[in-house]
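Content type mmCIF, C-alpha atoms, from the file query-v1.cif:
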data_structure
loop_
_atom_site.group_PDB
_atom_site.id
_atom_site.type_symbol
_atom_site.label_atom_id
_atom_site.label_comp_id
_atom_site.auth_asym_id
_atom_site.auth_seq_id
_atom_site.Cartn_x
_atom_site.Cartn_y
_atom_site.Cartn_z
ATOM 1 C CA MET A 1 102.478 136.581 151.507
ATOM 2 C CA LYS A 2 101.651 139.998 152.948
ATOM 3 C CA THR A 3 105.296 140.523 153.951
ATOM 4 C CA THR A 4 106.468 139.608 150.426
ATOM 5 C CA LEU A 5 104.094 142.091 148.793
ATOM 6 C CA LEU A 6 105.172 144.872 151.146
ATOM 7 C CA ALA A 7 108.815 144.165 150.395
ATOM 8 C CA PHE A 8 108.139 144.252 146.638
ATOM 9 C CA ALA A 9 106.302 147.579 146.933
ATOM 10 C CA ALA A 10 109.138 149.035 148.969
ATOM 11 C CA ALA A 11 111.648 147.954 146.336
ATOM 12 C CA LEU A 12 109.644 149.680 143.618
ATOM 13 C CA SER A 13 109.407 152.904 145.628
ATOM 14 C CA ILE A 14 113.178 152.956 145.993
ATOM 15 C CA ALA A 15 114.010 152.033 142.391
ATOM 16 C CA ALA A 16 111.584 154.361 140.588
ATOM 17 C CA PRO A 17 113.121 157.699 141.675
ATOM 18 C CA THR A 18 116.607 156.373 140.922
ATOM 19 C CA LEU A 19 115.631 155.530 137.343
ATOM 20 C CA ALA A 20 113.908 158.877 136.891
ATOM 21 C CA HIS A 21 117.014 160.785 137.992
ATOM 22 C CA GLU A 22 119.173 158.890 135.498
ATOM 23 C CA SER A 23 117.437 160.498 132.475
ATOM 24 C CA GLN A 24 117.510 164.068 131.243
ATOM 25 C CA LEU A 25 114.872 165.696 129.068
ATOM 26 C CA GLU A 26 115.474 167.984 126.121
ATOM 27 C CA PRO A 27 113.251 169.144 123.253
ATOM 28 C CA LEU A 28 113.178 167.048 120.096
ATOM 29 C CA THR A 29 113.524 169.632 117.333
ATOM 30 C CA ILE A 30 112.878 168.359 113.824
ATOM 31 C CA GLY A 31 112.517 171.491 111.734
ATOM 32 C CA THR A 32 111.023 174.939 111.350
ATOM 33 C CA SER A 33 107.453 176.043 110.644
ATOM 34 C CA HIS A 34 106.790 179.238 108.703
ATOM 35 C CA ILE A 35 103.293 180.417 109.621
ATOM 36 C CA VAL A 36 101.665 181.998 106.571
ATOM 37 C CA SER A 37 98.179 182.876 105.379
ATOM 38 C CA THR A 38 96.418 182.384 102.079
ATOM 39 C CA HIS A 39 92.845 181.678 100.958
ATOM 40 C CA GLY A 40 91.697 183.201 104.232
ATOM 41 C CA GLU A 41 93.407 180.465 106.267
ATOM 42 C CA GLU A 42 96.524 180.325 108.401
ATOM 43 C CA ARG A 43 98.782 177.391 107.597
ATOM 44 C CA ARG A 44 102.331 176.170 108.075
ATOM 45 C CA ILE A 45 105.173 175.634 105.673
ATOM 46 C CA ASN A 46 107.224 172.979 107.479
ATOM 47 C CA VAL A 47 110.916 172.789 106.600
ATOM 48 C CA VAL A 48 113.299 170.014 107.645
ATOM 49 C CA LEU A 49 116.964 170.427 106.747
ATOM 50 C CA PRO A 50 119.455 167.622 106.043
ATOM 51 C CA SER A 51 121.240 166.412 109.161
ATOM 52 C CA ASP A 52 124.579 167.851 108.024
ATOM 53 C CA TYR A 53 123.179 171.176 106.779
ATOM 54 C CA GLU A 54 124.932 173.205 109.505
ATOM 55 C CA GLU A 55 128.254 171.412 109.071
ATOM 56 C CA GLY A 56 129.309 173.004 105.809
ATOM 57 C CA GLU A 57 128.287 175.028 102.796
ATOM 58 C CA ALA A 58 126.748 172.256 100.697
ATOM 59 C CA LYS A 59 123.609 173.100 98.752
ATOM 60 C CA TYR A 60 120.569 170.849 98.442
ATOM 61 C CA PRO A 61 117.472 170.426 96.275
ATOM 62 C CA LEU A 62 114.045 171.334 97.630
ATOM 63 C CA VAL A 63 111.436 168.560 97.813
ATOM 64 C CA ILE A 64 108.047 170.229 98.240
ATOM 65 C CA VAL A 65 105.385 167.871 99.597
ATOM 66 C CA LEU A 66 101.744 168.913 99.246
ATOM 67 C CA ASP A 67 99.428 168.001 102.147
ATOM 68 C CA GLY A 68 102.572 168.488 104.215
ATOM 69 C CA GLY A 69 101.114 169.406 107.592
ATOM 70 C CA THR A 70 102.233 167.619 110.755
ATOM 71 C CA GLY A 71 98.845 165.900 110.823
ATOM 72 C CA GLN A 72 99.072 165.070 107.128
ATOM 73 C CA ASP A 73 101.908 163.543 105.068
ATOM 74 C CA LEU A 74 104.930 165.413 106.422
ATOM 75 C CA PHE A 75 106.356 162.781 108.754
ATOM 76 C CA LEU A 76 105.768 159.894 106.367
ATOM 77 C CA ALA A 77 107.404 161.737 103.470
ATOM 78 C CA LEU A 78 110.260 162.909 105.678
ATOM 79 C CA GLY A 79 110.891 159.397 106.985
ATOM 80 C CA ILE A 80 110.954 157.971 103.479
ATOM 81 C CA ALA A 81 113.301 160.694 102.236
ATOM 82 C CA ARG A 82 115.699 160.129 105.135
ATOM 83 C CA TRP A 83 115.540 156.354 104.712
ATOM 84 C CA ASN A 84 116.339 156.745 101.008
ATOM 85 C CA GLU A 85 119.299 158.946 101.875
ATOM 86 C CA LEU A 86 120.547 156.414 104.428
ATOM 87 C CA TRP A 87 120.786 153.764 101.709
ATOM 88 C CA GLY A 88 122.051 156.152 99.056
ATOM 89 C CA ARG A 89 118.849 155.610 97.104
ATOM 90 C CA SER A 90 118.223 159.308 96.484
ATOM 91 C CA GLU A 91 120.060 162.535 97.187
ATOM 92 C CA GLN A 92 119.916 164.485 100.397
ATOM 93 C CA ALA A 93 117.292 167.195 100.199
ATOM 94 C CA ILE A 94 115.534 169.945 102.090
ATOM 95 C CA VAL A 95 112.067 168.535 102.744
ATOM 96 C CA VAL A 96 109.265 171.109 102.690
ATOM 97 C CA GLY A 97 105.726 170.256 103.777
ATOM 98 C CA VAL A 98 103.033 172.620 102.492
ATOM 99 C CA GLU A 99 100.015 172.290 104.756
ATOM 100 C CA THR A 100 96.584 172.282 103.122
ATOM 101 C CA VAL A 101 93.434 173.305 104.992
ATOM 102 C CA ASP A 102 90.652 172.574 102.488
ATOM 103 C CA ARG A 103 92.276 170.099 100.100
ATOM 104 C CA GLN A 104 89.636 170.112 97.364
ATOM 105 C CA ARG A 105 89.375 173.897 97.404
ATOM 106 C CA GLU A 106 93.121 174.351 97.150
ATOM 107 C CA LEU A 107 94.225 171.422 95.009
ATOM 108 C CA LEU A 108 91.479 170.857 92.424
ATOM 109 C CA PRO A 109 90.030 172.973 89.593
ATOM 110 C CA PRO A 110 86.300 173.684 89.218
ATOM 111 C CA THR A 111 84.140 170.757 88.162
ATOM 112 C CA ALA A 112 81.006 170.523 86.054
ATOM 113 C CA ASP A 113 80.153 167.143 87.571
ATOM 114 C CA ALA A 114 77.063 167.534 89.761
ATOM 115 C CA ALA A 115 78.032 164.730 92.149
ATOM 116 C CA GLU A 116 81.495 166.218 92.692
ATOM 117 C CA GLN A 117 79.990 169.674 93.213
ATOM 118 C CA GLU A 118 77.649 168.314 95.868
ATOM 119 C CA ARG A 119 80.359 166.355 97.663
ATOM 120 C CA TYR A 120 83.040 169.067 97.432
ATOM 121 C CA PRO A 121 81.208 172.407 97.193
ATOM 122 C CA THR A 122 84.332 174.493 97.922
ATOM 123 C CA ALA A 123 86.526 172.939 95.207
ATOM 124 C CA GLY A 124 87.919 175.041 92.409
ATOM 125 C CA GLU A 125 90.539 177.557 93.598
ATOM 126 C CA VAL A 126 93.573 175.621 92.429
ATOM 127 C CA ASP A 127 94.889 178.338 90.100
ATOM 128 C CA ALA A 128 95.083 180.872 92.926
ATOM 129 C CA PHE A 129 96.697 178.341 95.260
ATOM 130 C CA ARG A 130 99.245 177.357 92.619
ATOM 131 C CA GLY A 131 100.020 181.012 91.939
ATOM 132 C CA TRP A 132 100.624 181.546 95.661
ATOM 133 C CA LEU A 133 102.852 178.455 95.918
ATOM 134 C CA ILE A 134 104.961 179.299 92.875
ATOM 135 C CA GLY A 135 104.941 183.075 93.270
ATOM 136 C CA GLU A 136 105.401 183.438 97.029
ATOM 137 C CA ILE A 137 106.398 180.240 98.821
ATOM 138 C CA VAL A 138 109.061 178.901 96.456
ATOM 139 C CA PRO A 139 110.849 182.297 96.323
ATOM 140 C CA MET A 140 110.696 182.502 100.126
ATOM 141 C CA LEU A 141 112.315 179.072 100.396
ATOM 142 C CA ARG A 142 115.000 179.979 97.891
ATOM 143 C CA GLU A 143 115.831 183.163 99.816
ATOM 144 C CA THR A 144 115.921 181.454 103.200
ATOM 145 C CA TYR A 145 117.700 178.158 102.610
ATOM 146 C CA ARG A 146 120.905 177.027 100.932
ATOM 147 C CA HIS A 147 119.516 175.299 97.862
ATOM 148 C CA ASP A 148 121.188 174.115 94.663
ATOM 149 C CA GLY A 149 118.593 175.608 92.321
ATOM 150 C CA ARG A 150 116.434 172.505 91.949
ATOM 151 C CA ALA A 151 112.907 172.132 93.312
ATOM 152 C CA TYR A 152 110.656 169.070 93.054
ATOM 153 C CA LEU A 153 106.903 168.881 93.628
ATOM 154 C CA VAL A 154 105.301 165.792 95.185
ATOM 155 C CA GLY A 155 101.652 164.955 95.816
ATOM 156 C CA GLU A 156 99.194 162.065 96.121
ATOM 157 C CA SER A 157 95.511 161.702 95.126
ATOM 158 C CA ALA A 158 94.015 165.231 94.858
ATOM 159 C CA ALA A 159 97.524 166.600 95.407
ATOM 160 C CA GLY A 160 98.690 164.243 92.660
ATOM 161 C CA HIS A 161 96.188 165.893 90.317
ATOM 162 C CA PHE A 162 97.654 169.285 91.330
ATOM 163 C CA VAL A 163 101.129 168.002 90.487
ATOM 164 C CA ALA A 164 100.090 166.569 87.111
ATOM 165 C CA GLU A 165 98.137 169.714 86.238
ATOM 166 C CA THR A 166 101.096 171.930 87.124
ATOM 167 C CA TRP A 167 103.385 169.792 84.960
ATOM 168 C CA ALA A 168 100.900 170.005 82.083
ATOM 169 C CA HIS A 169 100.242 173.749 82.205
ATOM 170 C CA GLN A 170 103.327 175.244 83.913
ATOM 171 C CA PRO A 171 106.054 172.641 83.393
ATOM 172 C CA GLY A 172 108.918 175.053 84.039
ATOM 173 C CA ALA A 173 107.743 175.875 87.561
ATOM 174 C CA PHE A 174 109.646 172.899 89.027
ATOM 175 C CA ASP A 175 112.551 170.709 87.979
ATOM 176 C CA GLY A 176 110.703 167.436 88.509
ATOM 177 C CA TYR A 177 107.344 166.087 89.581
ATOM 178 C CA ALA A 178 105.850 163.053 91.325
ATOM 179 C CA ALA A 179 102.081 162.543 90.913
ATOM 180 C CA LEU A 180 101.090 159.481 92.923
ATOM 181 C CA SER A 181 97.652 157.991 92.150
ATOM 182 C CA PRO A 182 96.358 161.332 90.792
ATOM 183 C CA SER A 183 92.594 161.940 90.816
ATOM 184 C CA PHE A 184 92.346 161.844 87.029
ATOM 185 C CA GLN A 185 88.613 161.152 87.212
ATOM 186 C CA TRP A 186 87.963 164.748 88.332
ATOM 187 C CA ASP A 187 85.584 166.780 86.174
ATOM 188 C CA GLY A 188 85.025 164.061 83.600
ATOM 189 C CA GLN A 189 88.765 163.417 83.203
ATOM 190 C CA ARG A 190 89.200 166.965 81.924
ATOM 191 C CA LEU A 191 92.911 167.246 82.682
ATOM 192 C CA SER A 192 93.863 164.219 80.594
ATOM 193 C CA ARG A 193 91.582 165.349 77.748
ATOM 194 C CA GLU A 194 93.132 168.812 77.738
ATOM 195 C CA PHE A 195 96.630 167.411 77.904
ATOM 196 C CA GLU A 196 95.996 164.976 75.069
ATOM 197 C CA ALA A 197 95.023 167.935 72.867
ATOM 198 C CA MET A 198 98.226 169.859 73.595
ATOM 199 C CA GLY A 199 101.135 169.867 71.205
ATOM 200 C CA ALA A 200 104.520 168.341 71.919
ATOM 201 C CA GLN A 201 106.638 170.255 74.413
ATOM 202 C CA GLU A 202 109.854 169.500 76.245
ATOM 203 C CA ARG A 203 109.076 168.942 79.913
ATOM 204 C CA PRO A 204 110.904 168.089 83.145
ATOM 205 C CA PRO A 205 110.777 164.489 84.402
ATOM 206 C CA ILE A 206 107.561 163.292 86.028
ATOM 207 C CA PHE A 207 106.776 160.105 87.972
ATOM 208 C CA VAL A 208 103.099 159.094 87.624
ATOM 209 C CA SER A 209 101.593 156.045 89.296
ATOM 210 C CA LEU A 210 98.361 154.110 88.872
ATOM 211 C CA ALA A 211 97.127 151.601 91.434
ATOM 212 C CA ASP A 212 93.737 149.902 91.828
ATOM 213 C CA GLU A 213 91.619 152.984 91.120
ATOM 214 C CA GLY A 214 89.896 151.569 88.023
ATOM 215 C CA GLY A 215 87.037 153.254 86.171
ATOM 216 C CA ALA A 216 87.326 156.890 85.142
ATOM 217 C CA THR A 217 90.507 157.380 87.161
ATOM 218 C CA GLU A 218 92.240 154.620 85.243
ATOM 219 C CA GLU A 219 90.913 155.868 81.902
ATOM 220 C CA GLY A 220 92.164 159.379 82.597
ATOM 221 C CA ALA A 221 95.546 158.127 83.787
ATOM 222 C CA LEU A 222 96.130 155.982 80.699
ATOM 223 C CA ARG A 223 95.130 158.831 78.393
ATOM 224 C CA PHE A 224 97.462 161.210 80.213
ATOM 225 C CA VAL A 225 100.505 158.938 80.211
ATOM 226 C CA SER A 226 100.053 157.951 76.561
ATOM 227 C CA ALA A 227 100.489 161.616 75.594
ATOM 228 C CA ALA A 228 103.192 162.440 78.121
ATOM 229 C CA GLY A 229 106.349 161.907 76.086
ATOM 230 C CA PRO A 230 109.777 160.573 77.080
ATOM 231 C CA SER A 231 110.155 162.480 80.348
ATOM 232 C CA LEU A 232 107.464 160.314 81.948
ATOM 233 C CA CYS A 233 108.135 157.431 84.340
ATOM 234 C CA PHE A 234 104.837 155.510 84.578
ATOM 235 C CA ALA A 235 104.568 153.161 87.552
ATOM 236 C CA ASP A 236 101.674 150.910 86.511
ATOM 237 C CA ARG A 237 100.794 148.964 89.654
ATOM 238 C CA ARG A 238 97.249 147.867 88.859
ATOM 239 C CA GLU A 239 98.154 144.216 89.334
ATOM 240 C CA SER A 240 100.415 144.591 92.373
ATOM 241 C CA HIS A 241 99.948 145.012 96.103
ATOM 242 C CA VAL A 242 99.904 148.801 95.727
ATOM 243 C CA ARG A 243 96.506 150.349 96.459
ATOM 244 C CA HIS A 244 95.272 153.916 96.376
ATOM 245 C CA SER A 245 95.395 153.916 100.174
ATOM 246 C CA ASN A 246 99.061 152.916 100.397
ATOM 247 C CA THR A 247 100.453 154.526 97.242
ATOM 248 C CA LEU A 248 102.441 157.166 99.107
ATOM 249 C CA HIS A 249 103.972 154.572 101.429
ATOM 250 C CA GLN A 250 104.880 152.204 98.605
ATOM 251 C CA LEU A 251 105.943 154.462 95.758
ATOM 252 C CA LEU A 252 107.427 157.663 97.166
ATOM 253 C CA PRO A 253 110.802 155.891 97.629
ATOM 254 C CA GLU A 254 110.848 155.053 93.914
ATOM 255 C CA ALA A 255 109.679 158.514 92.916
ATOM 256 C CA LEU A 256 112.496 160.189 94.856
ATOM 257 C CA GLN A 257 115.012 157.756 93.386
ATOM 258 C CA PHE A 258 113.771 158.591 89.880
ATOM 259 C CA LEU A 259 113.907 162.346 90.460
ATOM 260 C CA MET A 260 117.147 162.506 92.457
ATOM 261 C CA PRO A 261 119.247 159.444 91.546
ATOM 262 C CA THR A 262 122.642 158.776 93.058
ATOM 263 C CA GLU A 263 125.686 156.931 91.747
ATOM 264 C CA ALA A 264 125.340 154.139 94.321
ATOM 265 C CA ASP A 265 126.129 150.795 92.664
ATOM 266 C CA TRP A 266 124.538 148.545 95.307
ATOM 267 C CA LEU A 267 120.895 149.578 94.947
ATOM 268 C CA GLU A 268 119.730 146.787 92.660
ATOM 269 C CA GLU A 269 121.342 144.211 94.930
ATOM 270 C CA PHE A 270 119.087 145.367 97.767
ATOM 271 C CA GLY A 271 115.973 145.660 95.624
ATOM 272 C CA PHE A 272 116.041 149.439 95.318
ATOM 273 C CA THR A 273 114.964 149.844 91.714
ATOM 274 C CA VAL A 274 112.681 152.156 89.782
ATOM 275 C CA GLU A 275 110.163 149.994 87.959
ATOM 276 C CA CYS A 276 108.349 152.107 85.437
ATOM 277 C CA LYS A 277 107.532 152.395 81.766
ATOM 278 C CA GLN A 278 108.918 155.275 79.763
ATOM 279 C CA ASN A 279 107.599 156.535 76.431
ATOM 280 C CA ASP A 280 109.939 156.479 73.428
ATOM 281 C CA GLY A 281 109.097 159.747 71.747
ATOM 282 C CA PRO A 282 107.615 163.183 72.325
ATOM 283 C CA SER A 283 103.966 163.707 73.114
ATOM 284 C CA GLU A 284 101.811 164.235 70.031
#
In structure tokens, how does this file's structure come out?
Amino acid sequence: MKTTLLAFAAALSIAAPTLAHESQLEPLTIGTSHIVSTHGEERRINVVLPSDYEEGEAKYPLVIVLDGGTGQDLFLALGIARWNELWGRSEQAIVVGVETVDRQRELLPPTADAAEQERYPTAGEVDAFRGWLIGEIVPMLRETYRHDGRAYLVGESAAGHFVAETWAHQPGAFDGYAALSPSFQWDGQRLSREFEAMGAQERPPIFVSLADEGGATEEGALRFVSAAGPSLCFADRRESHVRHSNTLHQLLPEALQFLMPTEADWLEEFGFTVECKQNDGPSE
């Protein structure tokens, strides 16, 4: 038995170096990070180009993902976008992850709700953050990368509220929007109440989803979508397997397909459909 064990150990000592020498290491480079500062914080704007970007002169849309740090939603969103492209479900795009540092501070407006103030005391600088994103970051991206003129804004939860609020108040800032499970309960559902009071206006397409949030979030969402007009795609998933916690995983593929459709004729066969309700007329 002792002889057998010694022979086995000797075999391992011979084989291990051989296997190690058969592999070579090289860096795995996915994209580029632009290190910028705003709101007193350093953060990264992470950019991942299409795989064939360097092979020609083709131009691509920008898909800007909020909460897009490497420790946030960047890799999930990037994987979904690339998987969609692989199947021809949505167009190739330049994926941009905008890192947030204090999400409530940067993505939500001020609130008069005492409980929200206590839980998120820094919230309320969304207008300044939006001005920075639209006024500085989007122009930087347009100057640096070969884009086709289109830019789409994507966000979930608090970032979804940012997306919906931008669409409501500055609709021309982007060419399309995806607000996944937006935090419509914020500040007594103020966004949906304000939007309901607005007059009809032509707006870019927006994908809005509602999962199992219930309560004030659901009330605000239903008020918002009822006033949204024909450019809305409302993914009502209250009775499905979609939850607030897995909304981004489940619905970003549909949102990208809605915003950047292709002419692929096999998508329905493989279950790649956009299942949403669309309003018939303009918002009132």
Residue with smallest distance to Trp132 (chain A) - pool A:Glu106, A:Ala264, A:Leu74, A:Tyr53, counting all atoms listed in the file: A:Glu106
Padding 6 Å on every side, please: axis-aligned box over the listed atoms of region 145-155 of chain A, centre and edge lengths to one decimal in Å, as AutoDock Vina command-line options.
--center_x 111.4 --center_y 171.6 --center_z 97.3 --size_x 31.5 --size_y 25.2 --size_z 22.7
CA of Ala216 (chain A) to CA of His244 (chain A), straight-line distance in Å: 14.1 Å
Translate the PyMOL selection byres ((chain A and resi 151-158) around 6), as applied to the file shown, into an explicit residue set as a short mmCIF file (atom, residue, chain, number, x, y, z; two decimals) with C-alpha atoms, in the coordinates of the input.
data_model
loop_
_atom_site.label_atom_id
_atom_site.label_comp_id
_atom_site.auth_asym_id
_atom_site.auth_seq_id
_atom_site.Cartn_x
_atom_site.Cartn_y
_atom_site.Cartn_z
CA PRO A 61 117.47 170.43 96.28
CA LEU A 62 114.04 171.33 97.63
CA VAL A 63 111.44 168.56 97.81
CA ILE A 64 108.05 170.23 98.24
CA VAL A 65 105.38 167.87 99.60
CA LEU A 66 101.74 168.91 99.25
CA ARG A 150 116.43 172.50 91.95
CA ALA A 159 97.52 166.60 95.41
CA GLY A 160 98.69 164.24 92.66
CA HIS A 161 96.19 165.89 90.32
CA PHE A 174 109.65 172.90 89.03
CA ASP A 175 112.55 170.71 87.98
CA GLY A 176 110.70 167.44 88.51
CA TYR A 177 107.34 166.09 89.58
CA ALA A 178 105.85 163.05 91.32
CA ALA A 179 102.08 162.54 90.91
CA LEU A 180 101.09 159.48 92.92
CA SER A 181 97.65 157.99 92.15
CA PRO A 182 96.36 161.33 90.79
CA SER A 183 92.59 161.94 90.82
#
Spatial neighbours of Gly88 (chain A), max dist 7 Å, only C-alpha atoms, sep filter under 3 positions, as an MDAnalysis selection string: chainID A and resid 84:85 91 262 264
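For the file at hand, the PyMOL selection byres ((chain A and resi 226) around 10) resolves to Ser192, Glu196, Ala221, Leu222, Arg223, Phe224, Val225, Ala227, Ala228, Gly229, Leu232, Phe234, Gln278, Asn279, Ser283 and Glu284 of chain A.
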